[in-house]
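Asks: Provided below: final26.cif, containing mmCIF, C-alpha atoms.
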data_work
#
loop_
_atom_site.group_PDB
_atom_site.id
_atom_site.type_symbol
_atom_site.label_atom_id
_atom_site.label_comp_id
_atom_site.auth_asym_id
_atom_site.auth_seq_id
_atom_site.Cartn_x
_atom_site.Cartn_y
_atom_site.Cartn_z
ATOM 1 C CA MET A 1 64.952 5.188 45.938
ATOM 2 C CA HIS A 2 62.830 3.754 48.729
ATOM 3 C CA THR A 3 63.455 4.788 52.308
ATOM 4 C CA ASN A 4 60.973 2.520 54.058
ATOM 5 C CA ASN A 5 62.719 -0.846 54.199
ATOM 6 C CA SER A 6 59.572 -2.756 55.092
ATOM 7 C CA SER A 7 57.983 -1.904 51.739
ATOM 8 C CA ASP A 8 61.166 -2.220 49.721
ATOM 9 C CA THR A 9 60.381 -4.558 46.873
ATOM 10 C CA LEU A 10 62.001 -5.349 43.558
ATOM 11 C CA THR A 11 59.576 -4.846 40.673
ATOM 12 C CA ILE A 12 60.267 -6.426 37.290
ATOM 13 C CA GLY A 13 57.741 -6.834 34.514
ATOM 14 C CA GLY A 14 54.904 -5.661 36.737
ATOM 15 C CA ARG A 15 55.579 -8.266 39.426
ATOM 16 C CA SER A 16 57.005 -7.371 42.841
ATOM 17 C CA PHE A 17 59.479 -9.482 44.791
ATOM 18 C CA ASP A 18 60.686 -9.313 48.383
ATOM 19 C CA SER A 19 63.941 -11.094 47.543
ATOM 20 C CA ARG A 20 66.691 -9.406 45.557
ATOM 21 C CA LEU A 21 68.660 -12.603 45.029
ATOM 22 C CA LEU A 22 68.059 -14.420 41.759
ATOM 23 C CA ILE A 23 69.460 -17.931 41.553
ATOM 24 C CA GLY A 24 70.378 -20.387 38.833
ATOM 25 C CA THR A 25 69.874 -24.141 38.624
ATOM 26 C CA GLY A 26 73.107 -25.169 36.913
ATOM 27 C CA LYS A 27 76.107 -27.095 38.237
ATOM 28 C CA TYR A 28 74.586 -28.420 41.465
ATOM 29 C CA PRO A 29 75.987 -31.712 42.728
ATOM 30 C CA SER A 30 72.387 -32.942 42.557
ATOM 31 C CA ASP A 31 69.152 -31.305 41.402
ATOM 32 C CA GLU A 32 67.575 -32.816 44.525
ATOM 33 C CA MET A 33 69.289 -29.998 46.393
ATOM 34 C CA ILE A 34 67.399 -27.248 44.558
ATOM 35 C CA PRO A 35 64.347 -27.021 46.882
ATOM 36 C CA ASP A 36 66.661 -26.519 49.884
ATOM 37 C CA ILE A 37 68.640 -23.915 47.934
ATOM 38 C CA ILE A 38 65.412 -22.062 47.135
ATOM 39 C CA THR A 39 64.364 -22.093 50.781
ATOM 40 C CA ALA A 40 67.764 -21.021 52.101
ATOM 41 C CA SER A 41 68.180 -18.268 49.509
ATOM 42 C CA GLY A 42 64.651 -16.917 49.865
ATOM 43 C CA SER A 43 64.859 -16.378 46.128
ATOM 44 C CA GLN A 44 61.695 -15.918 44.092
ATOM 45 C CA ILE A 45 63.237 -15.840 40.597
ATOM 46 C CA ILE A 46 65.119 -18.819 39.165
ATOM 47 C CA THR A 47 66.822 -19.464 35.853
ATOM 48 C CA VAL A 48 66.737 -22.593 33.696
ATOM 49 C CA ALA A 49 68.087 -23.496 30.259
ATOM 50 C CA LEU A 50 66.447 -25.249 27.307
ATOM 51 C CA ARG A 51 68.233 -28.170 25.689
ATOM 52 C CA ARG A 52 67.636 -31.063 23.322
ATOM 53 C CA VAL A 53 66.369 -34.158 25.118
ATOM 54 C CA ASP A 54 69.066 -36.819 25.362
ATOM 55 C CA PHE A 55 67.167 -40.026 24.567
ATOM 56 C CA ARG A 56 69.922 -42.255 25.943
ATOM 57 C CA ALA A 57 70.032 -40.600 29.349
ATOM 58 C CA THR A 58 67.491 -41.130 32.078
ATOM 59 C CA THR A 59 68.102 -37.727 33.551
ATOM 60 C CA ASP A 60 66.071 -36.119 36.258
ATOM 61 C CA ASN A 61 63.665 -33.335 35.313
ATOM 62 C CA VAL A 62 64.851 -30.087 36.895
ATOM 63 C CA MET A 63 61.299 -28.729 36.807
ATOM 64 C CA HIS A 64 60.224 -31.312 39.389
ATOM 65 C CA HIS A 65 62.358 -29.433 41.914
ATOM 66 C CA ILE A 66 61.078 -25.911 41.253
ATOM 67 C CA PRO A 67 57.874 -24.875 43.063
ATOM 68 C CA ASP A 68 55.156 -23.214 40.972
ATOM 69 C CA SER A 69 55.411 -20.117 43.142
ATOM 70 C CA MET A 70 58.841 -19.299 41.685
ATOM 71 C CA GLN A 71 59.091 -16.881 38.781
ATOM 72 C CA LEU A 72 60.783 -18.944 36.101
ATOM 73 C CA LEU A 73 63.420 -17.149 34.056
ATOM 74 C CA PRO A 74 64.467 -19.341 31.122
ATOM 75 C CA ASN A 75 67.685 -18.257 29.434
ATOM 76 C CA THR A 76 68.633 -18.402 25.784
ATOM 77 C CA SER A 77 72.032 -19.971 26.467
ATOM 78 C CA GLY A 78 73.365 -21.689 23.401
ATOM 79 C CA ALA A 79 72.236 -18.809 21.175
ATOM 80 C CA ARG A 80 75.058 -17.341 19.096
ATOM 81 C CA ASN A 81 73.015 -14.596 17.461
ATOM 82 C CA ALA A 82 69.711 -12.750 17.779
ATOM 83 C CA ASP A 83 67.746 -15.148 15.582
ATOM 84 C CA GLU A 84 68.742 -18.140 17.686
ATOM 85 C CA ALA A 85 67.894 -16.273 20.892
ATOM 86 C CA VAL A 86 64.431 -15.397 19.555
ATOM 87 C CA ARG A 87 63.883 -19.011 18.510
ATOM 88 C CA ILE A 88 64.854 -20.327 21.953
ATOM 89 C CA ALA A 89 62.728 -17.687 23.696
ATOM 90 C CA ARG A 90 59.639 -18.685 21.746
ATOM 91 C CA LEU A 91 60.254 -22.365 22.470
ATOM 92 C CA ALA A 92 60.660 -21.574 26.160
ATOM 93 C CA ARG A 93 57.364 -19.689 26.194
ATOM 94 C CA ALA A 94 55.666 -22.608 24.422
ATOM 95 C CA THR A 95 56.321 -24.751 27.496
ATOM 96 C CA GLY A 96 53.614 -22.718 29.241
ATOM 97 C CA CYS A 97 55.988 -21.458 31.927
ATOM 98 C CA GLY A 98 55.379 -17.783 31.317
ATOM 99 C CA ASN A 99 56.793 -15.021 29.165
ATOM 100 C CA TRP A 100 59.982 -14.061 31.005
ATOM 101 C CA ILE A 101 63.239 -14.536 29.167
ATOM 102 C CA LYS A 102 66.881 -13.923 30.005
ATOM 103 C CA ILE A 103 68.543 -13.124 26.713
ATOM 104 C CA GLU A 104 71.991 -14.594 26.517
ATOM 105 C CA VAL A 105 73.750 -14.314 23.159
ATOM 106 C CA ILE A 106 77.274 -15.647 23.350
ATOM 107 C CA PRO A 107 79.383 -16.063 20.229
ATOM 108 C CA ASP A 108 82.442 -17.656 21.825
ATOM 109 C CA ASN A 109 82.877 -20.395 24.393
ATOM 110 C CA LEU A 110 86.222 -19.292 25.799
ATOM 111 C CA HIS A 111 85.257 -16.160 27.716
ATOM 112 C CA LEU A 112 81.480 -16.485 27.314
ATOM 113 C CA LEU A 113 81.099 -12.754 26.777
ATOM 114 C CA PRO A 114 77.729 -11.547 25.490
ATOM 115 C CA ASP A 115 77.243 -9.885 22.094
ATOM 116 C CA GLY A 116 75.624 -6.525 22.834
ATOM 117 C CA HIS A 117 74.453 -5.793 19.292
ATOM 118 C CA GLN A 118 72.765 -9.159 18.797
ATOM 119 C CA THR A 119 71.304 -8.942 22.309
ATOM 120 C CA LEU A 120 69.745 -5.595 21.398
ATOM 121 C CA LEU A 121 68.260 -6.998 18.178
ATOM 122 C CA ALA A 122 66.754 -9.949 20.076
ATOM 123 C CA THR A 123 65.417 -7.637 22.789
ATOM 124 C CA GLU A 124 63.662 -5.414 20.252
ATOM 125 C CA THR A 125 61.966 -8.425 18.656
ATOM 126 C CA LEU A 126 60.958 -10.133 21.892
ATOM 127 C CA VAL A 127 59.639 -6.990 23.595
ATOM 128 C CA LYS A 128 57.349 -6.447 20.586
ATOM 129 C CA ASP A 129 56.331 -10.095 20.901
ATOM 130 C CA GLY A 130 55.148 -9.546 24.499
ATOM 131 C CA PHE A 131 58.062 -11.014 26.441
ATOM 132 C CA VAL A 132 59.399 -9.670 29.723
ATOM 133 C CA VAL A 133 63.005 -9.355 28.606
ATOM 134 C CA LEU A 134 66.015 -9.423 30.917
ATOM 135 C CA PRO A 135 69.152 -9.165 28.782
ATOM 136 C CA TYR A 136 72.507 -10.394 30.038
ATOM 137 C CA ILE A 137 75.149 -7.887 28.924
ATOM 138 C CA ASN A 138 78.690 -6.803 29.383
ATOM 139 C CA ALA A 139 78.916 -3.885 31.815
ATOM 140 C CA ASP A 140 78.501 -1.391 28.973
ATOM 141 C CA PRO A 141 76.474 1.694 29.924
ATOM 142 C CA VAL A 142 75.724 2.533 26.270
ATOM 143 C CA VAL A 143 74.322 -0.921 25.549
ATOM 144 C CA ALA A 144 72.373 -0.800 28.821
ATOM 145 C CA ARG A 145 70.796 2.501 27.733
ATOM 146 C CA GLN A 146 69.909 1.103 24.306
ATOM 147 C CA LEU A 147 68.295 -1.938 25.925
ATOM 148 C CA GLU A 148 66.286 0.210 28.310
ATOM 149 C CA ASP A 149 65.083 2.284 25.356
ATOM 150 C CA ALA A 150 64.153 -0.954 23.533
ATOM 151 C CA GLY A 151 61.871 -1.935 26.409
ATOM 152 C CA ALA A 152 63.978 -4.333 28.466
ATOM 153 C CA ALA A 153 62.356 -5.009 31.857
ATOM 154 C CA ALA A 154 65.776 -5.011 33.542
ATOM 155 C CA VAL A 155 69.415 -5.087 32.512
ATOM 156 C CA MET A 156 71.829 -7.714 33.752
ATOM 157 C CA PRO A 157 75.445 -6.557 33.458
ATOM 158 C CA LEU A 158 78.223 -8.957 34.369
ATOM 159 C CA GLY A 159 80.563 -8.443 37.295
ATOM 160 C CA ALA A 160 83.116 -10.765 35.693
ATOM 161 C CA PRO A 161 82.965 -13.549 33.079
ATOM 162 C CA ILE A 162 80.491 -16.357 33.839
ATOM 163 C CA GLY A 163 81.625 -18.857 36.435
ATOM 164 C CA THR A 164 84.919 -17.126 37.247
ATOM 165 C CA ASN A 165 84.034 -16.061 40.815
ATOM 166 C CA GLN A 166 86.252 -12.989 40.278
ATOM 167 C CA GLY A 167 83.788 -10.502 41.733
ATOM 168 C CA LEU A 168 83.060 -6.984 40.523
ATOM 169 C CA THR A 169 85.866 -6.519 38.013
ATOM 170 C CA THR A 170 83.597 -4.137 36.061
ATOM 171 C CA ARG A 171 82.944 -1.951 39.105
ATOM 172 C CA GLU A 172 83.334 1.501 37.516
ATOM 173 C CA MET A 173 81.068 0.653 34.587
ATOM 174 C CA LEU A 174 78.524 -0.873 36.983
ATOM 175 C CA HIS A 175 78.498 2.440 38.855
ATOM 176 C CA ILE A 176 77.634 4.298 35.667
ATOM 177 C CA ILE A 177 74.916 1.792 34.726
ATOM 178 C CA ILE A 178 73.376 2.005 38.207
ATOM 179 C CA ASP A 179 73.484 5.818 38.038
ATOM 180 C CA THR A 180 71.974 6.144 34.579
ATOM 181 C CA ILE A 181 69.549 3.269 34.041
ATOM 182 C CA ASN A 182 65.991 3.456 35.359
ATOM 183 C CA VAL A 183 64.925 -0.180 35.000
ATOM 184 C CA PRO A 184 66.276 -2.608 37.618
ATOM 185 C CA VAL A 185 69.988 -3.419 37.361
ATOM 186 C CA VAL A 186 70.707 -7.054 38.204
ATOM 187 C CA VAL A 187 74.411 -7.841 38.515
ATOM 188 C CA ASP A 188 74.767 -11.223 36.859
ATOM 189 C CA ALA A 189 77.823 -13.441 36.488
ATOM 190 C CA GLY A 190 81.198 -13.472 38.149
ATOM 191 C CA ILE A 191 80.069 -12.862 41.722
ATOM 192 C CA GLY A 192 82.074 -15.344 43.758
ATOM 193 C CA LYS A 193 81.446 -14.439 47.393
ATOM 194 C CA PRO A 194 78.639 -12.960 49.495
ATOM 195 C CA SER A 195 80.832 -9.911 50.264
ATOM 196 C CA GLN A 196 80.926 -9.131 46.543
ATOM 197 C CA ALA A 197 77.136 -9.390 46.260
ATOM 198 C CA CYS A 198 76.858 -7.137 49.317
ATOM 199 C CA ASP A 199 79.241 -4.702 47.629
ATOM 200 C CA ALA A 200 77.104 -4.616 44.475
ATOM 201 C CA MET A 201 73.990 -3.930 46.536
ATOM 202 C CA GLU A 202 75.731 -1.173 48.516
ATOM 203 C CA MET A 203 76.642 0.411 45.195
ATOM 204 C CA GLY A 204 72.947 0.572 44.377
ATOM 205 C CA ALA A 205 72.373 -2.503 42.256
ATOM 206 C CA ASP A 206 68.735 -3.631 42.469
ATOM 207 C CA ALA A 207 69.533 -7.346 42.650
ATOM 208 C CA CYS A 208 72.163 -10.008 41.965
ATOM 209 C CA LEU A 209 71.940 -13.283 40.089
ATOM 210 C CA VAL A 210 74.151 -15.990 41.557
ATOM 211 C CA ASN A 211 74.627 -19.530 40.302
ATOM 212 C CA THR A 212 78.191 -20.859 40.279
ATOM 213 C CA ALA A 213 79.211 -19.366 43.636
ATOM 214 C CA ILE A 214 76.347 -21.178 45.352
ATOM 215 C CA ALA A 215 76.360 -24.379 43.291
ATOM 216 C CA SER A 216 80.105 -24.938 43.609
ATOM 217 C CA ALA A 217 80.364 -24.080 47.316
ATOM 218 C CA GLY A 218 81.387 -26.760 49.809
ATOM 219 C CA ASP A 219 77.924 -26.468 51.338
ATOM 220 C CA PRO A 220 75.660 -24.944 48.684
ATOM 221 C CA VAL A 221 72.600 -24.649 50.951
ATOM 222 C CA ALA A 222 74.533 -22.754 53.628
ATOM 223 C CA MET A 223 76.127 -20.573 50.958
ATOM 224 C CA ALA A 224 72.677 -19.729 49.568
ATOM 225 C CA GLY A 225 71.749 -18.461 53.020
ATOM 226 C CA ALA A 226 74.984 -16.474 53.237
ATOM 227 C CA PHE A 227 74.257 -14.778 49.916
ATOM 228 C CA ALA A 228 70.712 -13.950 51.024
ATOM 229 C CA ALA A 229 72.032 -12.295 54.197
ATOM 230 C CA ALA A 230 74.727 -10.394 52.279
ATOM 231 C CA ILE A 231 72.246 -9.056 49.762
ATOM 232 C CA ARG A 232 69.867 -7.919 52.501
ATOM 233 C CA ALA A 233 72.752 -6.217 54.314
ATOM 234 C CA GLY A 234 73.973 -4.495 51.158
ATOM 235 C CA ARG A 235 70.493 -3.310 50.269
ATOM 236 C CA GLU A 236 69.860 -1.941 53.751
ATOM 237 C CA ALA A 237 73.234 -0.172 53.695
ATOM 238 C CA CYS A 238 72.403 1.372 50.335
ATOM 239 C CA LEU A 239 69.013 2.603 51.554
ATOM 240 C CA SER A 240 70.585 3.912 54.755
ATOM 241 C CA GLY A 241 73.059 6.091 52.865
ATOM 242 C CA THR A 242 76.725 5.321 53.408
ATOM 243 C CA GLY A 243 78.949 7.981 54.957
ATOM 244 C CA SER A 244 81.420 9.989 52.913
ATOM 245 C CA VAL A 245 84.987 8.797 52.267
ATOM 246 C CA GLY A 246 87.777 11.114 53.386
ATOM 247 C CA ILE A 247 91.559 11.279 53.493
ATOM 248 C CA GLN A 248 92.057 12.990 56.852
ATOM 249 C CA ALA A 249 90.880 11.275 60.011
ATOM 250 C CA THR A 250 87.767 12.603 61.713
ATOM 251 C CA ALA A 251 87.559 11.568 65.342
ATOM 252 C CA SER A 252 84.617 9.511 66.491
ATOM 253 C CA SER A 253 85.322 10.445 70.152
ATOM 254 C CA PRO A 254 85.472 14.047 71.457
ATOM 255 C CA LEU A 255 88.880 15.725 70.997
ATOM 256 C CA THR A 256 88.474 17.646 74.286
ATOM 257 C CA GLY A 257 88.400 16.765 77.987
ATOM 258 C CA PHE A 258 91.439 14.506 77.964
ATOM 259 C CA LEU A 259 92.897 13.479 81.353
ATOM 260 C CA TYR A 260 96.141 15.380 80.821
ATOM 261 C CA GLU A 261 94.423 18.685 79.999
ATOM 262 C CA MET B 1 60.961 -43.198 6.258
ATOM 263 C CA GLU B 2 63.619 -41.147 7.918
ATOM 264 C CA ILE B 3 63.433 -37.883 9.821
ATOM 265 C CA ARG B 4 66.004 -35.762 11.614
ATOM 266 C CA LEU B 5 65.388 -35.931 15.333
ATOM 267 C CA ASN B 6 67.401 -33.524 17.483
ATOM 268 C CA GLY B 7 69.938 -33.187 14.705
ATOM 269 C CA LYS B 8 70.418 -36.908 14.069
ATOM 270 C CA PRO B 9 68.859 -39.269 11.497
ATOM 271 C CA GLU B 10 66.006 -41.348 12.922
ATOM 272 C CA ARG B 11 64.428 -44.209 11.003
ATOM 273 C CA LEU B 12 60.700 -44.673 11.568
ATOM 274 C CA THR B 13 58.935 -47.905 10.694
ATOM 275 C CA GLY B 14 55.546 -46.446 9.819
ATOM 276 C CA ALA B 15 53.113 -43.584 10.090
ATOM 277 C CA ILE B 16 53.391 -41.998 13.484
ATOM 278 C CA THR B 17 52.321 -38.788 15.198
ATOM 279 C CA VAL B 18 54.609 -36.520 17.161
ATOM 280 C CA GLY B 19 52.742 -37.522 20.328
ATOM 281 C CA ASP B 20 53.281 -41.232 19.712
ATOM 282 C CA LEU B 21 56.972 -40.716 19.000
ATOM 283 C CA ILE B 22 57.384 -38.772 22.251
ATOM 284 C CA ARG B 23 55.681 -41.537 24.235
ATOM 285 C CA GLU B 24 57.631 -44.220 22.354
ATOM 286 C CA LYS B 25 60.815 -42.475 23.522
ATOM 287 C CA GLY B 26 59.627 -42.789 27.100
ATOM 288 C CA LEU B 27 58.960 -39.083 27.556
ATOM 289 C CA ASP B 28 56.051 -37.335 29.218
ATOM 290 C CA PRO B 29 54.578 -34.999 26.557
ATOM 291 C CA GLU B 30 53.854 -32.437 29.276
ATOM 292 C CA THR B 31 57.577 -32.028 30.011
ATOM 293 C CA VAL B 32 58.843 -31.290 26.515
ATOM 294 C CA VAL B 33 58.551 -28.573 23.900
ATOM 295 C CA VAL B 34 58.583 -29.483 20.237
ATOM 296 C CA GLU B 35 59.619 -27.722 17.062
ATOM 297 C CA HIS B 36 58.488 -29.391 13.832
ATOM 298 C CA ASN B 37 60.122 -28.055 10.654
ATOM 299 C CA LEU B 38 60.958 -24.854 12.557
ATOM 300 C CA ALA B 39 57.346 -24.353 13.719
ATOM 301 C CA ILE B 40 56.469 -24.749 17.392
ATOM 302 C CA ILE B 41 53.787 -27.362 18.113
ATOM 303 C CA THR B 42 51.750 -26.916 21.265
ATOM 304 C CA THR B 43 51.191 -29.913 23.519
ATOM 305 C CA VAL B 44 47.515 -30.245 22.590
ATOM 306 C CA ASP B 45 48.467 -30.667 18.931
ATOM 307 C CA PHE B 46 51.101 -33.405 19.425
ATOM 308 C CA ASP B 47 48.630 -36.135 18.431
ATOM 309 C CA GLN B 48 47.397 -34.233 15.389
ATOM 310 C CA VAL B 49 50.778 -33.829 13.686
ATOM 311 C CA TRP B 50 51.853 -36.809 11.537
ATOM 312 C CA LEU B 51 55.526 -37.109 10.713
ATOM 313 C CA GLU B 52 56.633 -37.295 7.090
ATOM 314 C CA ASP B 53 59.823 -38.317 5.360
ATOM 315 C CA ASN B 54 62.659 -35.779 5.813
ATOM 316 C CA ASP B 55 60.851 -33.876 8.560
ATOM 317 C CA ASN B 56 63.005 -32.038 11.053
ATOM 318 C CA LEU B 57 61.947 -32.520 14.667
ATOM 319 C CA GLU B 58 63.435 -30.924 17.767
ATOM 320 C CA ILE B 59 62.331 -32.174 21.189
ATOM 321 C CA LEU B 60 63.600 -30.030 24.028
ATOM 322 C CA LYS B 61 63.185 -29.688 27.763
ATOM 323 C CA PHE B 62 64.329 -27.456 30.585
ATOM 324 C CA VAL B 63 67.599 -28.322 32.289
ATOM 325 C CA GLY B 64 69.646 -26.647 34.984
ATOM 326 C CA GLY B 65 71.230 -23.368 33.886
ATOM 327 C CA GLY B 66 72.282 -19.953 35.069
#
Translate the structure of the given file into structure tokens.
Replies:
Amino acid sequence: MHTNNSSDTLTIGGRSFDSRLLIGTGKYPSDEMIPDIITASGSQIITVALRRVDFRATTDNVMHHIPDSMQLLPNTSGARNADEAVRIARLARATGCGNWIKIEVIPDNLHLLPDGHQTLLATETLVKDGFVVLPYINADPVVARQLEDAGAAAVMPLGAPIGTNQGLTTREMLHIIIDTINVPVVVDAGIGKPSQACDAMEMGADACLVNTAIASAGDPVAMAGAFAAAIRAGREACLSGTGSVGIQATASSPLTGFLYE
Amino acid sequence: MEIRLNGKPERLTGAITVGDLIREKGLDPETVVVEHNLAIITTVDFDQVWLEDNDNLEILKFVGGG
């Protein structure tokens, strides 16, 4: 763990980042807002999805709103198994936007929980194929270990199901993942408030990925700034070393020299 | 002839390349990624690939996502 905050960077796939807040591009009231979100969040890594072109719609192109300086992290959303994830990853790379991929293999649309086995299979294939692989997983320490061994550049365990804003419902498993995994741990999904992102960072997470909580806020740009501040605070607290938790009180003021003595 | 375009039948009036079809649909070839019969075609090859009857073509682009 770093102790010098000024040189504290997040390194994934050989690239270093000052910001530990990853953001998504989904669900915004308007894509026009994305440049302001990027500025307010200070984020340097941003996710996008790949979809069939709708020939009847004259939709905006989300890429017009993402500066070239951002590290693009396409996801494989829509994949229901490893083969589909690999197919989407290769298509994403063919756009010429780099070789990073967030593997997302989700077999059911009700809880949107990721399939760890299929995610591992896709990771093995894509790592061999030269991708920088960031798999989205349930907060399962065993799966996280297997993914690290398979060459994942980071692991992205969920705090709660996607879009629920429930916070760190997987807290105890996140603790174990943070304690045992050597590649960066990015808490992804379910974070609903800046305090929860701060909490994850205090616990020792390396970064958080936030989409819904920012995109669905009353003022998404202001909320992006709030998340950035919370993540900085949580990281600094983690590096500073939090004090121990006790049951009995320990006085902060001297217990001698009272007036009545 | 007829192809499947993004999962739906698409009738084409004559010989056409992937690049021409993309432009005919009002799309900028630089903004899309194309899979032709499950093989990825790079942008520089769009004008070299001629579509044939029963071909399967997927034209995709990035959208907002988390």
Asks: Give me, as a list in words, the residues of chain A touching chain B, with the criterion being at most 7 Å (counting all atoms listed in the file).
Replies: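 So the residues of chain A near chain B are Gly24, Thr25, Gly26, Thr47, Val48, Ala49, Leu50, Arg51, Arg52, Val53, Phe55, Val62, Leu91, Ala94, Thr95 and Asn211 of chain A.
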Asks: What is the distance between atom CA of Gly42 of chain A and atom CA of Gln166 of chain A, in Å to one decimal?
Replies: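 These two atoms are separated by 24.0 Å.
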Asks: Of the residues B:Ile3, B:Val44, B:Leu12, B:Ile22, which is the one nearest to Leu57 of chain B, using only C-alpha atoms?
Replies: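 Residue with the minimum atom-to-atom distance to Leu57 of chain B: B:Ile3.
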Asks: Interatomic distance between atom CA of Gln196 of chain A and atom CA of Gly167 of chain A?
Replies: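 It comes out at 5.8 Å.
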Asks: Could you please determine the separation between atom CA of Leu72 of chain A and atom CA of Ile12 of chain A in Å, to one decimal place?
Replies: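 Taking atom CA of Leu72 of chain A and atom CA of Ile12 of chain A, their separation equals 12.6 Å.
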Asks: Write out as a PDB file with C-alpha atoms, keeping the file's coordinate frame the residues lying within 7 Å of Met1 of chain B, counting only C-alpha atoms and excluding same-chain residues fewer than 6 positions away.
Replies:
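So the final result, stored in part.pdb, reads:
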ATOM      1  CA  ARG B  11      64.428 -44.209  11.003  1.00  0.00           C
ATOM      2  CA  LEU B  12      60.700 -44.673  11.568  1.00  0.00           C
ATOM      3  CA  THR B  13      58.935 -47.905  10.694  1.00  0.00           C
ATOM      4  CA  ASP B  53      59.823 -38.317   5.360  1.00  0.00           C
TER       5      ASP B  53
END
Asks: Please provide the set of residues having any atom within 9 Å of Asp47 of chain B, restricted to only C-alpha atoms, with same-chain residues fewer than 3 positions apart removed, written as a PyMOL selection string.
Replies: chain B and resi 17-20+43-44+50
Asks: Would you output that residue set with C-alpha atoms, as a tab-separated table (two decimals), in the coordinates of the input?
Replies:
chain	number	residue	atom	x	y	z
B	17	THR	CA	52.32	-38.79	15.20
B	18	VAL	CA	54.61	-36.52	17.16
B	19	GLY	CA	52.74	-37.52	20.33
B	20	ASP	CA	53.28	-41.23	19.71
B	43	THR	CA	51.19	-29.91	23.52
B	44	VAL	CA	47.52	-30.24	22.59
B	50	TRP	CA	51.85	-36.81	11.54
Asks: For the provided coordinates, the residues matched by the PyMOL selection byres ((chain A and resi 113) around 10) should be stated as a list in words.
Replies: Glu104, Val105, Ile106, Pro107, Asp108, Asn109, Leu110, His111, Leu112, Pro114, Asp115, Gly116, Tyr136, Ile137, Asn138, Leu158, Ala160, Pro161 and Ile162 of chain A
Asks: Would you export the selected residues with C-alpha atoms as an mmCIF file, in the coordinates of the input, please?
Replies:
data_model
loop_
_atom_site.group_PDB
_atom_site.id
_atom_site.type_symbol
_atom_site.label_atom_id
_atom_site.label_comp_id
_atom_site.auth_asym_id
_atom_site.auth_seq_id
_atom_site.Cartn_x
_atom_site.Cartn_y
_atom_site.Cartn_z
ATOM 1 C CA GLU A 104 71.991 -14.594 26.517
ATOM 2 C CA VAL A 105 73.750 -14.314 23.159
ATOM 3 C CA ILE A 106 77.274 -15.647 23.350
ATOM 4 C CA PRO A 107 79.383 -16.063 20.229
ATOM 5 C CA ASP A 108 82.442 -17.656 21.825
ATOM 6 C CA ASN A 109 82.877 -20.395 24.393
ATOM 7 C CA LEU A 110 86.222 -19.292 25.799
ATOM 8 C CA HIS A 111 85.257 -16.160 27.716
ATOM 9 C CA LEU A 112 81.480 -16.485 27.314
ATOM 10 C CA PRO A 114 77.729 -11.547 25.490
ATOM 11 C CA ASP A 115 77.243 -9.885 22.094
ATOM 12 C CA GLY A 116 75.624 -6.525 22.834
ATOM 13 C CA TYR A 136 72.507 -10.394 30.038
ATOM 14 C CA ILE A 137 75.149 -7.887 28.924
ATOM 15 C CA ASN A 138 78.690 -6.803 29.383
ATOM 16 C CA LEU A 158 78.223 -8.957 34.369
ATOM 17 C CA ALA A 160 83.116 -10.765 35.693
ATOM 18 C CA PRO A 161 82.965 -13.549 33.079
ATOM 19 C CA ILE A 162 80.491 -16.357 33.839
#
Asks: Show me the residues around (77.0, -1.1, 48.9) - criterion: an atom at most 8 Å away, only C-alpha atoms counted - as a list of chain:residue names.
Replies: A:Cys198, A:Asp199, A:Ala200, A:Met201, A:Glu202, A:Met203, A:Gly204, A:Gly234, A:Arg235, A:Ala237, A:Cys238, A:Thr242
Asks: So that I can check the surroundings of His117 of chain A, please list as a PDB file with C-alpha atoms, in the frame of the given file every protein, DNA and RNA residue that reaches within 10 Å of it, counting all atoms listed in the file and ignoring chain neighbours fewer than 6 positions away.
Replies:
ATOM      1  CA  ASN A  81      73.015 -14.596  17.461  1.00  0.00           C
ATOM      2  CA  ALA A  82      69.711 -12.750  17.779  1.00  0.00           C
ATOM      3  CA  VAL A 105      73.750 -14.314  23.159  1.00  0.00           C
ATOM      4  CA  THR A 123      65.417  -7.637  22.789  1.00  0.00           C
ATOM      5  CA  ILE A 137      75.149  -7.887  28.924  1.00  0.00           C
ATOM      6  CA  VAL A 143      74.322  -0.921  25.549  1.00  0.00           C
ATOM      7  CA  GLN A 146      69.909   1.103  24.306  1.00  0.00           C
ATOM      8  CA  LEU A 147      68.295  -1.938  25.925  1.00  0.00           C
TER       9      LEU A 147
END
Asks: For segment 96-107 of chain A, what centre and edge lengths in Å (one decimal) does the axis-aligned box get once 4 Å is added on each side of all its listed atoms, as lines of an AutoDock Vina configuration file?
Replies:
center_x = 66.5
center_y = -17.9
center_z = 26.1
size_x = 33.8
size_y = 17.6
size_z = 19.7
Asks: With all atoms listed in the file as the counted atoms, please give the residues lying no more than 9 Å from Asp55 of chain B, apart from itself and same-chain residues fewer than 4 positions off, as a list in words.
Replies: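 Residues meeting the cut-off are Glu2, Ile3, Arg4, Leu5, His36, Asn37 and Leu51 of chain B.
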